[in-house]
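Containing compact mmCIF, C-alpha atoms: my_file_39.txt.
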```
# COMPACT_ATOMS: atom_id res chain seq x y z
CA MET P 1 135.81 139.67 85.39
CA ALA P 2 136.29 136.16 84.04
CA PRO P 3 138.65 135.68 81.08
CA LEU P 4 137.17 135.15 77.63
CA LYS P 5 136.62 131.48 76.92
CA ASP P 6 135.08 129.15 74.36
CA LYS P 7 132.84 127.33 76.82
CA LEU P 8 130.46 128.90 79.27
CA LYS P 9 127.68 128.11 81.73
CA VAL P 10 124.43 130.03 81.85
CA LEU P 11 121.74 129.91 84.55
CA THR P 12 118.17 131.18 84.52
CA LEU P 13 115.87 131.24 87.56
CA ASN P 14 112.56 132.82 88.46
CA ALA P 15 113.78 133.76 91.93
CA HIS P 16 110.41 134.63 93.55
CA SER P 17 112.69 136.73 95.71
CA LEU P 18 111.74 138.23 99.08
CA LEU P 19 108.66 135.99 99.01
CA GLU P 20 110.28 132.73 100.10
CA TRP P 21 110.31 131.51 103.68
CA ASP P 22 114.00 132.37 104.32
CA ASN P 23 115.62 134.91 102.01
CA THR P 24 119.06 134.48 103.60
CA PHE P 25 118.95 130.71 103.05
CA CYS P 26 117.92 131.16 99.41
CA LEU P 27 120.57 133.77 98.68
CA GLU P 28 123.34 131.75 100.32
CA ASN P 29 122.47 128.59 98.39
CA LEU P 30 121.99 130.45 95.12
CA THR P 31 125.38 132.16 95.31
CA ASP P 32 127.12 129.00 96.52
CA ALA P 33 125.78 127.12 93.49
CA ILE P 34 126.81 129.89 91.09
CA ILE P 35 130.37 129.62 92.38
CA ARG P 36 130.43 125.83 92.65
CA GLU P 37 129.12 125.40 89.08
CA ASP P 38 131.39 128.19 87.78
CA VAL P 39 128.45 130.00 86.16
CA ASP P 40 129.31 132.86 83.80
CA VAL P 41 125.91 134.47 83.20
CA VAL P 42 122.97 134.48 85.62
CA VAL P 43 119.52 135.61 84.49
CA MET P 44 116.70 136.04 87.02
CA GLN P 45 113.06 137.01 87.04
CA GLU P 46 110.90 138.26 89.91
CA VAL P 47 113.93 140.07 91.28
CA ASN P 48 112.26 142.14 93.96
CA GLN P 49 112.94 144.98 96.36
CA THR P 50 110.70 146.32 99.14
CA VAL P 51 109.04 149.71 98.87
CA GLU P 52 110.19 150.55 102.40
CA ALA P 53 113.92 150.20 101.71
CA PRO P 54 115.97 153.35 101.01
CA TYR P 55 117.48 153.93 97.60
CA ALA P 56 121.07 152.78 97.17
CA GLU P 57 123.78 155.38 96.60
CA PRO P 58 124.95 155.59 92.96
CA ASP P 59 128.64 155.30 93.84
CA ALA P 60 128.00 152.24 95.99
CA LEU P 61 125.97 150.63 93.20
CA LYS P 62 128.75 151.22 90.70
CA ALA P 63 131.29 149.71 93.10
CA ASP P 64 129.09 146.61 93.31
CA GLY P 65 129.01 146.16 89.55
CA TYR P 66 125.72 147.84 88.61
CA VAL P 67 125.29 148.78 84.94
CA PRO P 68 122.09 150.82 84.38
CA CYS P 69 119.75 149.75 81.59
CA ASP P 70 116.56 151.56 82.61
CA SER P 71 116.14 155.20 83.65
CA GLU P 72 113.04 154.24 85.68
CA ALA P 73 114.89 151.59 87.69
CA LYS P 74 115.62 153.07 91.11
CA ILE P 75 117.66 150.47 92.97
CA ARG P 76 116.86 150.03 96.66
CA THR P 77 119.28 148.65 99.22
CA ASP P 78 117.49 145.30 99.52
CA ASN P 79 117.26 144.68 95.77
CA TYR P 80 117.77 140.94 95.31
CA ALA P 81 120.20 141.30 92.39
CA LEU P 82 122.25 143.82 94.36
CA SER P 83 122.29 141.47 97.36
CA ALA P 84 123.38 138.57 95.15
CA ALA P 85 126.15 140.61 93.52
CA LYS P 86 127.43 141.82 96.91
CA LEU P 87 127.41 138.32 98.38
CA LEU P 88 129.15 136.85 95.32
CA LYS P 89 131.80 139.57 95.63
CA GLN P 90 132.29 138.70 99.32
CA LYS P 91 132.79 135.08 98.25
CA GLY P 92 135.43 136.08 95.70
CA ARG P 93 133.40 136.17 92.47
CA GLU P 94 132.69 139.56 90.87
CA PHE P 95 129.74 140.10 88.52
CA SER P 96 128.47 143.06 86.58
CA TRP P 97 124.67 143.28 86.66
CA THR P 98 121.62 145.20 85.55
CA TRP P 99 117.97 145.37 86.66
CA GLY P 100 114.85 146.57 84.86
CA PHE P 101 111.81 147.71 86.87
CA ALA P 102 108.61 145.95 85.80
CA HIS P 103 105.73 146.70 88.19
CA PRO P 104 104.57 146.81 91.83
CA ALA P 105 103.84 143.39 93.32
CA TYR P 106 102.11 142.02 96.42
CA ARG P 107 101.57 145.62 97.70
CA HIS P 108 104.98 145.84 99.37
CA LEU P 109 107.37 144.94 96.53
CA GLU P 110 108.77 146.40 93.34
CA GLU P 111 109.38 143.60 90.85
CA GLY P 112 111.92 143.49 88.05
CA GLU P 113 114.22 141.25 86.04
CA ALA P 114 118.01 141.01 86.20
CA VAL P 115 121.08 139.83 84.30
CA LEU P 116 124.48 139.21 85.95
CA SER P 117 127.71 138.54 84.03
CA ARG P 118 131.29 137.61 84.89
CA LEU P 119 132.27 138.35 81.30
CA PRO P 120 133.10 141.86 80.01
CA VAL P 121 129.93 143.91 79.46
CA LEU P 122 129.70 145.94 76.25
CA GLN P 123 126.30 147.55 76.79
CA ALA P 124 122.95 147.26 78.55
CA ASP P 125 119.42 148.00 77.46
CA ASN P 126 115.81 147.43 78.43
CA VAL P 127 112.77 146.61 76.27
CA CYS P 128 109.21 147.26 77.45
CA VAL P 129 106.88 144.76 75.77
CA SER P 130 103.62 145.79 77.42
CA THR P 131 100.79 147.90 76.06
CA PRO P 132 100.12 151.28 77.71
CA ALA P 133 96.76 150.03 79.00
CA GLY P 134 98.16 146.79 80.36
CA HIS P 135 97.62 145.88 84.01
CA CYS P 136 101.09 144.34 84.46
CA ARG P 137 104.10 146.04 82.90
CA ARG P 138 106.61 143.62 81.37
CA VAL P 139 110.22 144.56 80.69
CA ILE P 140 113.12 142.62 79.16
CA PRO P 141 116.51 143.92 80.39
CA GLY P 142 119.67 142.70 78.71
CA LEU P 143 123.44 142.75 78.82
CA GLN P 144 125.61 142.39 75.75
CA VAL P 145 128.79 140.59 76.80
CA GLN P 146 132.02 139.77 75.04
CA LEU P 147 132.70 136.11 74.30
CA ALA P 148 135.80 134.69 72.66
CA ASP P 149 134.11 134.59 69.25
CA GLY P 150 132.19 137.87 69.48
CA PRO P 151 129.48 139.80 71.35
CA VAL P 152 126.30 138.11 72.59
CA TRP P 153 123.11 139.47 74.18
CA PHE P 154 121.58 137.81 77.24
CA ARG P 155 118.05 139.00 78.02
CA SER P 156 115.89 138.21 81.06
CA VAL P 157 112.37 137.36 79.93
CA HIS P 158 109.17 137.22 82.00
CA MET P 159 106.24 137.02 79.62
CA GLY P 160 102.49 137.16 80.14
CA TRP P 161 100.07 134.31 79.42
CA TRP P 162 98.79 133.30 75.98
CA LYS P 163 95.12 133.90 76.85
CA ASP P 164 95.55 137.10 78.88
CA GLU P 165 92.90 139.48 77.50
CA GLU P 166 94.78 142.70 78.34
CA GLU P 167 98.38 141.56 77.87
CA PRO P 168 98.39 138.54 75.55
CA PHE P 169 101.64 136.72 74.91
CA LEU P 170 101.33 137.29 71.16
CA ASP P 171 101.44 141.10 71.43
CA GLN P 172 104.37 141.00 73.86
CA TRP P 173 106.30 138.55 71.70
CA GLU P 174 105.87 140.71 68.59
CA LYS P 175 107.50 143.62 70.43
CA MET P 176 110.24 141.37 71.82
CA SER P 177 111.04 139.80 68.46
CA ARG P 178 111.26 143.21 66.77
CA ALA P 179 113.67 144.42 69.45
CA ALA P 180 115.78 141.25 69.18
CA ALA P 181 115.73 141.17 65.38
CA GLY P 182 118.96 141.46 63.44
CA LYS P 183 122.13 139.50 63.01
CA GLN P 184 123.43 139.90 66.58
CA MET P 185 123.77 136.65 68.51
CA ALA P 186 121.27 136.59 71.40
CA PHE P 187 119.82 134.42 74.15
CA LEU P 188 116.35 134.87 75.62
CA LEU P 189 116.15 133.25 79.04
CA GLY P 190 113.51 133.05 81.71
CA ASP P 191 109.90 132.42 82.63
CA PHE P 192 107.92 132.43 79.37
CA ASN P 193 104.65 131.38 81.04
CA SER P 194 104.17 129.15 78.01
CA GLU P 195 104.26 125.40 78.52
CA ALA P 196 106.57 123.66 76.06
CA ALA P 197 104.20 120.70 75.63
CA VAL P 198 101.22 122.83 74.55
CA ARG P 199 100.90 123.20 70.78
CA GLY P 200 99.75 126.28 68.91
CA GLU P 201 100.63 128.80 71.63
CA GLY P 202 103.69 130.72 72.82
CA TYR P 203 106.28 127.96 72.59
CA ASP P 204 105.41 127.18 68.97
CA LEU P 205 105.34 130.88 68.09
CA ILE P 206 108.91 131.40 69.35
CA ALA P 207 110.14 128.32 67.48
CA ARG P 208 108.33 129.38 64.32
CA ASP P 209 110.21 132.69 64.42
CA GLY P 210 113.50 130.81 64.18
CA TRP P 211 114.60 130.69 67.82
CA GLN P 212 116.26 127.51 69.06
CA ASP P 213 115.30 125.86 72.35
CA THR P 214 118.62 124.94 73.96
CA TYR P 215 116.90 122.08 75.81
CA CYS P 216 116.22 120.43 72.46
CA LEU P 217 119.77 121.13 71.27
CA ALA P 218 121.42 119.68 74.40
CA GLN P 219 123.43 116.49 74.08
CA HIS P 220 122.63 115.60 77.70
CA LYS P 221 119.43 116.64 79.50
CA ASP P 222 116.92 115.65 82.16
CA ASP P 223 113.12 115.99 82.07
CA GLY P 224 113.36 119.80 82.01
CA TYR P 225 110.44 120.46 84.36
CA THR P 226 110.87 123.65 86.37
CA VAL P 227 107.41 123.85 87.96
CA VAL P 228 105.96 120.79 89.66
CA GLN P 229 103.12 122.30 91.72
CA ALA P 230 100.47 125.03 91.52
CA ILE P 231 102.06 128.50 91.50
CA ASP P 232 100.83 132.09 91.22
CA GLY P 233 99.42 132.82 87.79
CA TRP P 234 98.56 129.18 87.12
CA ARG P 235 96.37 128.27 90.11
CA ASP P 236 93.08 128.75 88.25
CA THR P 237 94.07 126.75 85.17
CA PRO P 238 92.93 123.15 84.58
CA ASP P 239 96.53 121.92 84.63
CA ALA P 240 97.56 123.95 87.69
CA ALA P 241 99.17 121.03 89.54
CA GLU P 242 100.79 119.38 86.50
CA LYS P 243 104.52 119.49 85.79
CA LYS P 244 105.51 122.25 83.40
CA ARG P 245 108.51 123.34 81.36
CA ILE P 246 107.75 127.06 81.29
CA ASP P 247 111.28 128.23 82.12
CA GLN P 248 113.34 128.07 78.95
CA ILE P 249 116.53 129.25 77.26
CA TRP P 250 116.28 130.19 73.58
CA CYS P 251 119.12 131.07 71.23
CA SER P 252 118.93 133.05 67.99
CA LYS P 253 120.78 130.32 66.09
CA VAL P 254 121.70 126.64 66.30
CA ILE P 255 124.68 126.15 68.60
CA PRO P 256 126.39 123.20 70.30
CA VAL P 257 124.87 122.68 73.76
CA LYS P 258 126.69 120.16 75.94
CA SER P 259 124.03 119.87 78.63
CA SER P 260 120.80 121.27 80.05
CA ARG P 261 119.95 120.53 83.68
CA VAL P 262 117.20 121.51 86.10
CA VAL P 263 118.68 123.02 89.28
CA PHE P 264 117.26 124.09 92.65
CA ARG P 265 114.58 121.41 92.54
CA GLY P 266 115.40 119.96 95.95
CA THR P 267 117.58 117.10 94.69
CA GLN P 268 121.18 118.12 94.00
CA GLU P 269 120.52 121.66 95.23
CA PRO P 270 117.89 122.87 97.72
CA GLN P 271 114.78 124.69 96.54
CA VAL P 272 115.22 128.46 96.62
CA SER P 273 112.05 129.48 94.75
CA ASP P 274 108.64 128.21 93.64
CA HIS P 275 110.36 127.61 90.28
CA ALA P 276 113.42 125.48 89.66
CA GLY P 277 116.14 126.91 87.43
CA ILE P 278 117.85 125.80 84.23
CA LEU P 279 121.63 125.50 83.91
CA ILE P 280 123.12 124.99 80.45
CA GLU P 281 126.71 124.41 79.40
CA LEU P 282 127.69 125.60 75.92
```

When written as structure tokens, how does the structure in this file appear?
Amino acid sequence: MAPLKDKLKVLTLNAHSLLEWDNTFCLENLTDAIIREDVDVVVMQEVNQTVEAPYAEPDALKADGYVPCDSEAKIRTDNYALSAAKLLKQKGREFSWTWGFAHPAYRHLEEGEAVLSRLPVLQADNVCVSTPAGHCRRVIPGLQVQLADGPVWFRSVHMGWWKDEEEPFLDQWEKMSRAAAGKQMAFLLGDFNSEAAVRGEGYDLIARDGWQDTYCLAQHKDDGYTVVQAIDGWRDTPDAAEKKRIDQIWCSKVIPVKSSRVVFRGTQEPQVSDHAGILIEL
């Protein structure tokens, strides 16, 4: 594990894993960037595994840094977070990690969300924010890690859409905010499916509840757009092809943020997903 330090780098990415054209290429470039940028915490959504793969052995999972957060999460051998952790370890960088099972996807996949940390892990948990009748189960796994000035939660968020009739953003956010309430320092990172430029919907609701968008706090930043083409879940909307800032990093209080940068957009780093990622330095 990395030593405690006053500065850290945090990455979030909707990985769209096992659905891209070359999984090996994506995994190699993702892990290379994590090492090159000296990232401390990695948060990913759409972290998939195939239904055909066998389940991983518990002892092997533990040896590869797995920290369970969800009793329903049965890790298979091709789980994308497991593959990332193993490859990072082979490259000399060890991470602890957790994965929460969300729902079946694309008939052949089991989709979930993941958090990986180089810093000492204090505990893990998992929050289900969906309704029992919902068509798409949403979970928010988290790791509480030890920083130099105290413990901090990092949670991987993949929310539904504001106008979803069965699973509206508002209902999910109310459950998430109750679970994250309290005085503990926390970050919510991921694909919020809520465009930052749209007023009166999910983005404004999060801000109104006192959460701080680290993009707005950053001293140095780019345009912030993580989606620049039509993607699943947005194809039937009027603004399907417009640029969007739906991947975000929120903090429970105002903090100094040195920089916020879009990564894996095909410029400084190759594309590894249908989303780009966000890398912040605190």

Review point. Which value, in Å to one decimal, gives the distance between CA of Ala60 (chain P) and CA of Val10 (chain P)?
Key: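 Those two atoms sit 26.6 Å apart.
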
Exercise for review: Rank P:His16, P:Arg118, P:Arg155, P:Lys7 by their smallest atom-to-atom distance to Gly142 (chain P), using all atoms listed in the file, and report the top residue only.
Suggested key: P:Arg155

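Of the listed residues (P:Lys221, P:Lys86, P:Arg208, P:Arg199), P:Lys86 comes nearest to Glu28 (chain P); the distances count all atoms listed in the file.
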
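Excluding Ser96 (chain P) itself and same-chain residues fewer than 2 positions from it, the residues having an atom within 9 Å of it are Met1, Asp64, Gly65, Tyr66, Val67, Ala85, Glu94, Thr98, Val115, Leu116, Ser117, Arg118, Leu119, Pro120 and Val121 of chain P, counting all atoms listed in the file.
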
Residues of region 23-96 of chain P that have any atom at most 12 Å from an atom of region 266-280 of chain P: could you tabulate them with the shortest-distance atom pair and the distance in Å to one decimal, using all atoms listed in the file, ordered by chain and increasing number, as a Markdown table?
```
| residue | atom | partner | partner_atom | distance |
| --- | --- | --- | --- | --- |
| P:Asn23 | CA | P:Val272 | CA | 8.4 |
| P:Thr24 | CA | P:Val272 | CA | 10.0 |
| P:Phe25 | CA | P:Val272 | CA | 7.8 |
| P:Cys26 | CA | P:Val272 | CA | 4.7 |
| P:Leu27 | CA | P:Val272 | CA | 7.8 |
| P:Glu28 | CA | P:Val272 | CA | 9.5 |
| P:Asn29 | CA | P:Pro270 | CA | 7.4 |
| P:Leu30 | CA | P:Val272 | CA | 7.2 |
| P:Thr31 | CA | P:Val272 | CA | 10.9 |
| P:Asp32 | CA | P:Glu269 | CA | 10.0 |
| P:Ala33 | CA | P:Glu269 | CA | 7.8 |
| P:Ile34 | CA | P:Leu279 | CA | 9.9 |
| P:Arg36 | CA | P:Glu269 | CA | 11.1 |
| P:Glu37 | CA | P:Leu279 | CA | 9.1 |
| P:Asp38 | CA | P:Leu279 | CA | 10.8 |
| P:Val39 | CA | P:Leu279 | CA | 8.5 |
| P:Asp40 | CA | P:Ile280 | CA | 10.6 |
| P:Val41 | CA | P:Leu279 | CA | 10.0 |
| P:Val42 | CA | P:Leu279 | CA | 9.2 |
| P:Val43 | CA | P:Gly277 | CA | 9.8 |
| P:Met44 | CA | P:Gly277 | CA | 9.2 |
| P:Gln45 | CA | P:His275 | CA | 10.3 |
| P:Glu46 | CA | P:Ser273 | CA | 10.1 |
| P:Val47 | CA | P:Ser273 | CA | 11.3 |
```

Exercise for review: Write out as a list of chain:residue names the residues lying within 9 Å of Tyr225 (chain P), counting all atoms listed in the file and excluding same-chain residues fewer than 2 positions away.
Suggested key: P:Asp222, P:Asp223, P:Val227, P:Val228, P:Lys243, P:Lys244, P:Arg245, P:Ile246, P:Asp247, P:Val262, P:Ala276

Check your understanding: Which polymer residues have any atom within 12 Å of an atom of Asp204 (chain P), counting all atoms listed in the file, with same-chain residues fewer than 2 positions away left out, as JSON, numbers by chain?
Key -> {"P": [162, 169, 170, 173, 192, 194, 195, 196, 197, 198, 199, 200, 201, 202, 206, 207, 208, 209, 210, 211, 212, 213]}

Review point. CA of Ser252 (chain P) and CA of Phe101 (chain P), how far apart in Å?
Key: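 So the two atoms, CA of Phe101 (chain P) and CA of Ser252 (chain P), lie 24.9 Å apart.
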
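Here the question is which of P:Ala15, P:Leu205, P:Val51, P:Leu282 gets nearest to Ala81 (chain P) using all atoms listed in the file, and that residue is P:Ala15.
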
**Study point:** Between CA of Cys128 (chain P) and CA of Leu19 (chain P), distance in Å (one decimal)
**Key:** 24.3 Å

**Study point:** Best match for closeness to Asn193 (chain P) among P:Ala181, P:Glu174, P:Gly160, P:Trp99, counting all atoms listed in the file
**Key:**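 Ranked by minimum distance to Asn193 (chain P), first place goes to P:Gly160.
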
Written coordinates, C-alpha atoms of region 81-162 of chain P as a PDB file, in the first residue's frame:
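The resulting file, decode-v3.pdb, is shown below:
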```pdb
ATOM      1  CA  ALA P  81     -11.819  -4.959 -11.449  1.00  0.00           C
ATOM      2  CA  LEU P  82     -10.093  -8.234 -10.584  1.00  0.00           C
ATOM      3  CA  SER P  83      -8.272  -8.182 -13.928  1.00  0.00           C
ATOM      4  CA  ALA P  84      -7.193  -4.579 -13.349  1.00  0.00           C
ATOM      5  CA  ALA P  85      -5.948  -5.321  -9.829  1.00  0.00           C
ATOM      6  CA  LYS P  86      -3.994  -8.371 -11.016  1.00  0.00           C
ATOM      7  CA  LEU P  87      -2.416  -6.477 -13.904  1.00  0.00           C
ATOM      8  CA  LEU P  88      -1.504  -3.531 -11.671  1.00  0.00           C
ATOM      9  CA  LYS P  89       0.107  -5.973  -9.237  1.00  0.00           C
ATOM     10  CA  GLN P  90       2.110  -7.533 -12.086  1.00  0.00           C
ATOM     11  CA  LYS P  91       3.294  -4.025 -12.977  1.00  0.00           C
ATOM     12  CA  GLY P  92       4.419  -3.372  -9.401  1.00  0.00           C
ATOM     13  CA  ARG P  93       1.456  -1.415  -8.001  1.00  0.00           C
ATOM     14  CA  GLU P  94      -0.788  -3.114  -5.428  1.00  0.00           C
ATOM     15  CA  PHE P  95      -4.386  -2.009  -4.847  1.00  0.00           C
ATOM     16  CA  SER P  96      -7.112  -3.149  -2.514  1.00  0.00           C
ATOM     17  CA  TRP P  97     -10.508  -3.230  -4.233  1.00  0.00           C
ATOM     18  CA  THR P  98     -14.187  -3.974  -3.872  1.00  0.00           C
ATOM     19  CA  TRP P  99     -17.070  -4.645  -6.275  1.00  0.00           C
ATOM     20  CA  GLY P 100     -20.827  -4.398  -5.831  1.00  0.00           C
ATOM     21  CA  PHE P 101     -23.153  -6.399  -8.091  1.00  0.00           C
ATOM     22  CA  ALA P 102     -25.818  -4.244  -9.746  1.00  0.00           C
ATOM     23  CA  HIS P 103     -27.746  -6.174 -12.407  1.00  0.00           C
ATOM     24  CA  PRO P 104     -27.523  -8.424 -15.485  1.00  0.00           C
ATOM     25  CA  ALA P 105     -26.580  -6.577 -18.672  1.00  0.00           C
ATOM     26  CA  TYR P 106     -26.590  -7.307 -22.410  1.00  0.00           C
ATOM     27  CA  ARG P 107     -27.732 -10.916 -21.702  1.00  0.00           C
ATOM     28  CA  HIS P 108     -24.201 -12.231 -21.184  1.00  0.00           C
ATOM     29  CA  LEU P 109     -22.813  -9.886 -18.513  1.00  0.00           C
ATOM     30  CA  GLU P 110     -23.149  -9.168 -14.815  1.00  0.00           C
ATOM     31  CA  GLU P 111     -22.628  -5.454 -14.216  1.00  0.00           C
ATOM     32  CA  GLY P 112     -21.338  -3.768 -11.086  1.00  0.00           C
ATOM     33  CA  GLU P 113     -19.323  -0.857  -9.744  1.00  0.00           C
ATOM     34  CA  ALA P 114     -15.841  -0.900  -8.202  1.00  0.00           C
ATOM     35  CA  VAL P 115     -13.437   1.068  -6.030  1.00  0.00           C
ATOM     36  CA  LEU P 116      -9.666   0.442  -5.935  1.00  0.00           C
ATOM     37  CA  SER P 117      -7.284   2.021  -3.409  1.00  0.00           C
ATOM     38  CA  ARG P 118      -3.532   2.103  -2.829  1.00  0.00           C
ATOM     39  CA  LEU P 119      -4.155   3.656   0.574  1.00  0.00           C
ATOM     40  CA  PRO P 120      -4.966   1.616   3.719  1.00  0.00           C
ATOM     41  CA  VAL P 121      -8.595   0.430   3.693  1.00  0.00           C
ATOM     42  CA  LEU P 122     -10.560   0.769   6.930  1.00  0.00           C
ATOM     43  CA  GLN P 123     -13.871  -0.711   5.801  1.00  0.00           C
ATOM     44  CA  ALA P 124     -16.121  -1.425   2.821  1.00  0.00           C
ATOM     45  CA  ASP P 125     -19.850  -1.216   2.332  1.00  0.00           C
ATOM     46  CA  ASN P 126     -22.519  -1.218  -0.347  1.00  0.00           C
ATOM     47  CA  VAL P 127     -25.710   0.853  -0.650  1.00  0.00           C
ATOM     48  CA  CYS P 128     -28.637  -0.246  -2.826  1.00  0.00           C
ATOM     49  CA  VAL P 129     -30.510   2.845  -4.016  1.00  0.00           C
ATOM     50  CA  SER P 130     -33.127   1.145  -6.190  1.00  0.00           C
ATOM     51  CA  THR P 131     -36.761   0.394  -5.443  1.00  0.00           C
ATOM     52  CA  PRO P 132     -37.813  -3.270  -5.162  1.00  0.00           C
ATOM     53  CA  ALA P 133     -39.946  -2.928  -8.308  1.00  0.00           C
ATOM     54  CA  GLY P 134     -37.221  -1.228 -10.315  1.00  0.00           C
ATOM     55  CA  HIS P 135     -36.127  -2.691 -13.645  1.00  0.00           C
ATOM     56  CA  CYS P 136     -32.433  -1.864 -13.147  1.00  0.00           C
ATOM     57  CA  ARG P 137     -30.854  -2.389  -9.735  1.00  0.00           C
ATOM     58  CA  ARG P 138     -28.419   0.367  -8.735  1.00  0.00           C
ATOM     59  CA  VAL P 139     -25.762  -0.097  -6.066  1.00  0.00           C
ATOM     60  CA  ILE P 140     -23.147   2.267  -4.634  1.00  0.00           C
ATOM     61  CA  PRO P 141     -20.117   0.362  -3.245  1.00  0.00           C
ATOM     62  CA  GLY P 142     -17.543   2.226  -1.201  1.00  0.00           C
ATOM     63  CA  LEU P 143     -14.187   1.977   0.508  1.00  0.00           C
ATOM     64  CA  GLN P 144     -13.248   4.049   3.521  1.00  0.00           C
ATOM     65  CA  VAL P 145      -9.508   4.722   3.324  1.00  0.00           C
ATOM     66  CA  GLN P 146      -7.025   6.323   5.668  1.00  0.00           C
ATOM     67  CA  LEU P 147      -5.556   9.658   4.607  1.00  0.00           C
ATOM     68  CA  ALA P 148      -2.960  11.667   6.481  1.00  0.00           C
ATOM     69  CA  ASP P 149      -5.626  13.871   8.076  1.00  0.00           C
ATOM     70  CA  GLY P 150      -8.251  11.195   8.713  1.00  0.00           C
ATOM     71  CA  PRO P 151     -10.575   8.626   7.123  1.00  0.00           C
ATOM     72  CA  VAL P 152     -12.430   9.337   3.867  1.00  0.00           C
ATOM     73  CA  TRP P 153     -15.103   7.412   1.950  1.00  0.00           C
ATOM     74  CA  PHE P 154     -14.856   6.936  -1.816  1.00  0.00           C
ATOM     75  CA  ARG P 155     -18.072   5.648  -3.406  1.00  0.00           C
ATOM     76  CA  SER P 156     -18.659   4.520  -6.990  1.00  0.00           C
ATOM     77  CA  VAL P 157     -21.913   6.004  -8.273  1.00  0.00           C
ATOM     78  CA  HIS P 158     -23.955   4.985 -11.320  1.00  0.00           C
ATOM     79  CA  MET P 159     -27.323   6.691 -11.103  1.00  0.00           C
ATOM     80  CA  GLY P 160     -30.494   6.402 -13.154  1.00  0.00           C
ATOM     81  CA  TRP P 161     -32.006   9.192 -15.254  1.00  0.00           C
ATOM     82  CA  TRP P 162     -34.029  12.124 -13.934  1.00  0.00           C
TER      83      TRP P 162
END
```
